Each structure stands twice: as C-alpha cells, then as structure tokens.
$ cat final.cif   # mmCIF, C-alpha atoms and all ligand atoms
data_data
loop_
_atom_site.label_atom_id
_atom_site.label_comp_id
_atom_site.auth_asym_id
_atom_site.auth_seq_id
_atom_site.Cartn_x
_atom_site.Cartn_y
_atom_site.Cartn_z
CA MET A 1 -17.45 -14.68 8.46
CA VAL A 2 -14.20 -12.76 7.96
CA GLN A 3 -12.32 -15.85 9.20
CA ASP A 4 -13.38 -17.65 6.00
CA ASP A 5 -11.23 -15.28 3.91
CA ILE A 6 -8.03 -16.43 5.64
CA LEU A 7 -5.68 -18.82 3.85
CA LYS A 8 -3.39 -19.45 6.82
CA VAL A 9 -2.71 -18.18 10.31
CA LEU A 10 0.86 -16.95 10.87
CA VAL A 11 0.64 -15.88 14.51
CA THR A 12 -2.08 -17.02 16.91
CA GLU A 13 -3.84 -14.91 19.54
CA GLU A 14 -2.12 -16.88 22.32
CA GLU A 15 1.31 -16.29 20.77
CA ILE A 16 0.63 -12.54 20.53
CA GLU A 17 -0.54 -12.37 24.15
CA GLN A 18 2.51 -14.28 25.39
CA ARG A 19 4.86 -12.08 23.35
CA CYS A 20 3.21 -8.94 24.77
CA VAL A 21 4.08 -10.15 28.28
CA GLU A 22 7.73 -10.52 27.26
CA LEU A 23 7.88 -7.20 25.40
CA ALA A 24 6.27 -5.34 28.31
CA GLU A 25 8.90 -6.74 30.71
CA GLN A 26 11.72 -5.73 28.39
CA ILE A 27 10.31 -2.22 27.84
CA GLU A 28 9.65 -1.75 31.54
CA ALA A 29 13.23 -2.71 32.44
CA ASP A 30 14.59 -0.12 29.97
CA TYR A 31 12.41 2.77 31.17
CA GLN A 32 13.00 1.92 34.83
CA LYS A 33 16.74 2.06 34.19
CA GLU A 34 16.35 5.46 32.55
CA GLY A 35 13.94 6.69 35.23
CA THR A 36 11.82 8.55 32.67
CA VAL A 37 8.05 8.74 32.07
CA PRO A 38 7.48 8.13 28.35
CA VAL A 39 4.59 9.21 26.18
CA VAL A 40 3.39 6.02 24.51
CA VAL A 41 2.11 7.07 21.08
CA GLY A 42 -0.02 4.70 19.00
CA LEU A 43 -0.07 5.24 15.26
CA LEU A 44 -3.69 4.91 14.13
CA LYS A 45 -5.35 2.82 13.13
CA GLY A 46 -3.29 -0.37 12.95
CA SER A 47 -1.65 -0.14 16.38
CA VAL A 48 -4.86 -0.13 18.44
CA PRO A 49 -5.29 -3.84 19.37
CA PHE A 50 -1.56 -4.35 19.95
CA MET A 51 -1.24 -1.17 22.01
CA ALA A 52 -4.17 -2.22 24.21
CA GLU A 53 -2.69 -5.67 24.78
CA LEU A 54 0.77 -4.26 25.54
CA ILE A 55 0.16 -1.23 27.78
CA LYS A 56 -2.12 -3.02 30.22
CA ARG A 57 0.99 -4.97 31.23
CA PHE A 58 3.15 -1.87 31.91
CA LYS A 59 3.67 -1.32 35.63
CA PHE A 60 5.72 1.87 35.19
CA PRO A 61 4.22 5.38 34.86
CA CYS A 62 3.50 6.46 31.31
CA GLU A 63 1.13 8.68 29.38
CA ILE A 64 -0.65 7.58 26.23
CA ASP A 65 -1.63 9.41 23.08
CA PHE A 66 -2.40 8.72 19.42
CA MET A 67 -1.69 10.18 16.04
CA LYS A 68 -2.59 9.35 12.47
CA VAL A 69 -0.14 9.93 9.67
CA SER A 70 -0.13 9.17 5.95
CA SER A 71 3.00 8.64 3.96
CA TYR A 72 1.18 7.30 0.93
CA ASP A 73 -1.54 8.75 -1.25
CA GLY A 74 -2.99 5.55 -2.67
CA THR A 75 0.20 3.73 -3.63
CA GLU A 76 2.18 6.91 -4.37
CA SER A 77 4.59 8.24 -1.78
CA ILE A 78 3.90 11.83 -0.79
CA GLY A 79 7.56 12.20 0.17
CA ASP A 80 7.00 13.39 3.70
CA VAL A 81 4.51 12.23 6.30
CA ARG A 82 1.26 14.11 6.44
CA ILE A 83 -0.32 14.44 9.88
CA ASP A 84 -4.02 13.55 9.60
CA LEU A 85 -4.58 13.66 13.37
CA ASP A 86 -2.03 15.09 15.78
CA MET A 87 -1.41 14.08 19.38
CA GLN A 88 -2.61 16.19 22.30
CA ILE A 89 0.40 15.90 24.61
CA SER A 90 3.48 17.95 23.69
CA ALA A 91 6.45 15.82 22.63
CA LYS A 92 8.93 18.56 23.57
CA GLU A 93 11.54 17.30 26.03
CA ARG A 94 9.70 13.99 26.44
CA PRO A 95 10.81 10.42 25.73
CA ILE A 96 8.50 8.84 23.15
CA LEU A 97 7.61 5.18 22.67
CA LEU A 98 6.01 4.76 19.24
CA VAL A 99 3.67 1.79 18.88
CA GLU A 100 3.24 0.33 15.40
CA ASP A 101 1.59 -2.74 13.93
CA ILE A 102 4.19 -3.36 11.21
CA VAL A 103 7.50 -2.07 9.84
CA ASP A 104 7.30 -2.77 6.12
CA THR A 105 9.28 -0.50 3.74
CA GLY A 106 10.17 1.61 6.81
CA ARG A 107 9.00 4.84 5.19
CA THR A 108 6.39 5.70 7.85
CA LEU A 109 8.68 5.23 10.83
CA VAL A 110 11.69 6.97 9.29
CA GLU A 111 9.55 10.06 8.73
CA VAL A 112 7.70 9.88 12.05
CA LYS A 113 10.93 9.44 14.02
CA LYS A 114 12.42 12.46 12.24
CA MET A 115 9.28 14.45 13.02
CA PHE A 116 9.50 13.65 16.75
CA LYS A 117 13.17 14.66 16.86
CA ASN A 118 12.18 17.98 15.22
CA LYS A 119 9.48 18.45 17.87
CA GLY A 120 12.19 18.23 20.54
CA ALA A 121 11.57 14.72 21.89
CA THR A 122 14.51 13.62 24.07
CA ASP A 123 14.37 10.02 22.87
CA VAL A 124 12.30 8.03 20.38
CA LYS A 125 11.94 4.26 20.71
CA ILE A 126 9.78 2.02 18.55
CA VAL A 127 7.84 -1.11 19.43
CA SER A 128 6.24 -2.95 16.52
CA LEU A 129 4.11 -6.06 16.62
CA LEU A 130 5.50 -7.20 13.27
CA ASP A 131 8.64 -6.70 11.20
CA LYS A 132 8.80 -7.55 7.50
CA PRO A 133 12.54 -7.05 6.80
CA ASP A 134 12.43 -8.42 3.22
CA ARG A 135 10.45 -5.33 2.15
CA ARG A 136 12.72 -2.71 3.74
CA GLU A 137 13.60 0.30 1.55
CA PHE A 138 14.37 2.83 4.30
CA GLU A 139 16.92 2.16 7.00
CA ILE A 140 15.10 1.74 10.30
CA GLU A 141 14.81 -0.94 12.95
CA ALA A 142 12.28 -1.11 15.75
CA ASP A 143 13.79 -1.29 19.24
CA TYR A 144 11.31 -4.02 20.16
CA VAL A 145 9.71 -6.46 17.71
CA GLY A 146 6.97 -8.99 18.38
CA PHE A 147 7.37 -11.26 15.36
CA THR A 148 9.25 -11.27 12.07
CA VAL A 149 6.96 -12.15 9.15
CA PRO A 150 7.74 -13.28 5.60
CA ASN A 151 7.13 -11.11 2.55
CA GLU A 152 3.39 -11.70 2.39
CA PHE A 153 0.52 -9.26 2.86
CA VAL A 154 -0.78 -9.91 6.36
CA VAL A 155 -4.02 -8.91 8.07
CA GLY A 156 -5.57 -9.08 11.52
CA TYR A 157 -4.79 -7.73 14.99
CA GLY A 158 -5.10 -4.19 13.64
CA LEU A 159 -3.73 -4.76 10.15
CA ASP A 160 -6.16 -4.19 7.31
CA TYR A 161 -6.83 -4.90 3.67
CA ASN A 162 -9.03 -2.06 2.38
CA GLN A 163 -9.85 -1.21 6.01
CA LYS A 164 -11.21 -4.70 6.76
CA TYR A 165 -9.88 -7.60 8.87
CA ARG A 166 -8.45 -5.34 11.62
CA ASN A 167 -10.76 -7.08 14.10
CA LEU A 168 -9.32 -10.57 13.58
CA PRO A 169 -7.67 -11.78 16.82
CA PHE A 170 -4.68 -13.33 14.97
CA ILE A 171 -2.25 -12.49 12.14
CA GLY A 172 -3.09 -14.24 8.89
CA VAL A 173 -2.66 -14.26 5.13
CA LEU A 174 -5.70 -13.71 2.91
CA LYS A 175 -6.87 -16.17 0.26
CA PRO A 176 -5.65 -14.95 -3.17
CA GLU A 177 -9.23 -14.66 -4.52
CA ILE A 178 -9.91 -11.86 -2.02
CA TYR A 179 -7.44 -9.63 -3.90
CA GLU A 180 -8.88 -10.50 -7.30
O1 LIG A 201 6.80 0.63 6.63
P1 LIG A 201 5.76 1.21 5.72
O2 LIG A 201 5.93 0.77 4.29
O3 LIG A 201 5.65 2.69 5.85
O4 LIG A 201 4.36 0.56 6.10
C1 LIG A 201 3.89 0.41 7.40
C2 LIG A 201 2.77 1.34 7.70
O5 LIG A 201 1.71 1.15 6.76
C3 LIG A 201 0.49 0.81 7.45
O6 LIG A 201 -0.24 1.96 7.76
P2 LIG A 201 -1.49 2.53 6.94
O7 LIG A 201 -1.04 3.78 6.22
O8 LIG A 201 -2.09 1.45 6.10
O9 LIG A 201 -2.45 2.99 8.09
P3 LIG A 201 -3.41 2.14 9.05
O10 LIG A 201 -2.61 1.86 10.30
O11 LIG A 201 -4.57 3.02 9.31
O12 LIG A 201 -3.79 0.87 8.31
C4 LIG A 201 0.99 0.21 8.75
O13 LIG A 201 0.03 0.31 9.75
C5 LIG A 201 2.22 1.02 9.07
O14 LIG A 201 1.90 2.23 9.72
O1 LIG A 202 1.36 -6.63 5.21
C1 LIG A 202 0.66 -5.61 5.48
N1 LIG A 202 -0.66 -5.74 5.83
C2 LIG A 202 -1.44 -4.68 6.13
N2 LIG A 202 -1.01 -3.43 6.09
C3 LIG A 202 0.28 -3.23 5.75
N3 LIG A 202 0.96 -2.06 5.63
C4 LIG A 202 2.19 -2.35 5.28
N4 LIG A 202 2.34 -3.71 5.15
C5 LIG A 202 1.14 -4.27 5.43
MG MG A 203 -3.37 0.04 6.49
#
$ encode --input "final.cif" --output "structure tokens"
Amino acid sequence: MVQDDILKVLVTEEEIEQRCVELAEQIEADYQKEGTVPVVVGLLKGSVPFMAELIKRFKFPCEIDFMKVSSYDGTESIGDVRIDLDMQISAKERPILLVEDIVDTGRTLVEVKKMFKNKGATDVKIVSLLDKPDRREFEIEADYVGFTVPNEFVVGYGLDYNQKYRNLPFIGVLKPEIYE
C-alpha cells in the first residue's frame, strides 16, 4: 500500500476539503465584485485533485482549461518555461485563475504568469493548495493559499515523487528510506 511509505501526515483530507470551501467563497466574492468570467487553468499534473475539489464549489460562471509546462529538465533549469501541452481556450483579453498544487522556488509560476501577460490576459490570479515559502528563490506569492508547509518534500493530493503518490487523499512526508 502506498500509505505504508508515509512517515507523517501534514494535512488531512478533511482539512483540505474544509479549506476548499473557504477558498471557493473567497475567490467567488472577488470575481463577483469584478463581474468577470475567468478561465480557470489547472497546471498538469499536480493540480488535478485540488482543482476538482475547488471548482465544484464555485457558484459563479467560469470556464476551465489545462496546460502542462516544464521549467526543469531533470534538476536543471531550462531558463524559461516550456509548454508541453497548451490550453484550448484563448487567454487574450480574459482574466485567468491559475490553479497549482505548490509554490516552491516560485520559478514555474513566475514564468507562467509572465507568459499569460504576454498572451494578453487582462488579469492573472493564482490559487495554490500549498505554499513552501522557505524554498522561495523567485519573487511570487499566490493570491490564495490553502496551507503553508515546512521545508520538507511533500506528496499526495496531486503531488508526486517520481510520478507516484499523487493519488493519496492527504498531504504527507515520505519515509527517508523511500528516497534511498
Ligand atoms: O515553485 P517551483 O520550484 O517551480 O515548483 C513547483 C512546481 O513543481 C511541480 O511541478 P512538476 O514540474 O513536478 O510537474 P507535475 O505537476 O506534473 O508534478 C509542482 O507541481 C509545481 O508546478
Ligand atoms: O514538495 C514537493 N513535492 C512534490 N513536488 C514538488 N515540486 C516542488 N516541490 C514539491
Ligand atoms: Mg512533480
């Protein structure tokens, strides 16, 4: 069982669900005030479980789309973001709500936000399930954050280690022997 590889649970499924209710209310209030219909864009693959949990609570009109970007080649930065899979809806003159699983060094979101501005998006907001501020190298803050986590490698609820553990329903830290 994948659960057996977990050293400790940092955020439970119930805590994530409850936080999604609060985040959805906050996001809804902001978009209702602006009177705009955002394109909610999930960054694959990590955002999928969080995005599903969040958007089903939105009562305002929105469109959804996905894209996959890489800002690393292995552990080496490729400088810019590379688009592996682009979205279908045009971002031109649209407000964008980016959905992420984690803001770590900040490299991915700095580049993606820049890219959306270049595409002519009118506004780019970010909602991230997790924030790991101790690792930040690039100046960026999400507009909405689920939970702040310590400087540990976390998995679950979309977050992977070598593509595994995304299906765990909670956020946890792996046992050290899994890395060895
Ligand atoms: O703030 P950063 O240092 O840029 O790190 C955060 C990004 O890294 C991970 O993506 P990954 O490339 O592993 O893709 P994945 O979502 O498919 O796991 C994570 O999902 C974020 O997108
Ligand atoms: O802590 C993390 N876990 C999984 N993927 C990640 N990508 C950046 N940080 C992390
Ligand atoms: Mg990953």
$ residues_near_ligand --input "final.cif" --ligand "ligand MG 203 (chain A)" --cutoff "8 Å" --atoms "all atoms listed in the file" --output "JSON, numbers by chain"
{"A": [45, 46, 159, 160, 161, 162, 163]}
$ residues_near_ligand --input "final.cif" --ligand "ligand LIG 202 (chain A)" --cutoff "12 Å" --atoms "all atoms listed in the file" --output "MDAnalysis selection string"
chainID A and resid 10 44:47 70:72 74:75 100:109 128:136 148:166 171:174
$ residues_around --input "final.cif" --residues "Val39 in chain A" --least-positions-apart "3" --cutoff "10 Å" --atoms "only C-alpha atoms" --output "ChimeraX atom specification"
/A:36,42,61-66,89-91,94-98,121,124
$ atom_distance --input "final.cif" --atom1 "CA of Ile126 in chain A" --atom2 "CA of Ala142 in chain A"
4.9 Å
$ atom_distance --input "final.cif" --atom1 "CA of Glu137 in chain A" --atom2 "atom O14 of ligand LIG 201 (chain A)"
14.4 Å
$ closest_residue --input "final.cif" --among "A:Met51, A:Leu43, A:Leu168, A:Met1" --to "Val112 in chain A" --atoms "all atoms listed in the file"
A:Leu43
$ axis_aligned_box --input "final.cif" --around "range 90-97 of chain A" --padding-each-side "6 Å" --output "JSON"
{"center_x": 7.5, "center_y": 11.9, "center_z": 24.5, "size_x": 20.1, "size_y": 25.4, "size_z": 15.8}
$ residues_around --input "final.cif" --residues "range 20-27 of chain A" --least-positions-apart "4" --cutoff "8 Å" --atoms "all atoms listed in the file" --output "JSON, numbers by chain"
{"A": [16, 31, 53, 54, 55, 57, 58, 144, 145, 146]}
$ atom_distance --input "final.cif" --atom1 "atom O14 of ligand LIG 201 (chain A)" --atom2 "CA of Phe138 in chain A"
13.6 Å
$ closest_residue --input "final.cif" --among "A:Val2, A:Ile178, A:Val9, A:Ile83" --to "ligand LIG 201 (chain A)" --atoms "all atoms listed in the file"
A:Ile83
$ closest_residue --input "final.cif" --among "A:Glu177, A:Glu93, A:Glu111, A:Asp86" --to "ligand LIG 201 (chain A)" --atoms "all atoms listed in the file"
A:Glu111
$ closest_residue --input "final.cif" --among "A:Val40, A:Ala29, A:Val11, A:Val48" --to "ligand LIG 201 (chain A)" --atoms "all atoms listed in the file"
A:Val48
$ closest_residue --input "final.cif" --among "A:Arg19, A:Val127, A:Gly120, A:Met115" --to "Asp80 in chain A" --atoms "only C-alpha atoms"
A:Met115
$ closest_residue --input "final.cif" --among "A:Asp5, A:Glu13, A:Glu141, A:Glu28" --to "ligand LIG 201 (chain A)" --atoms "all atoms listed in the file"
A:Glu141
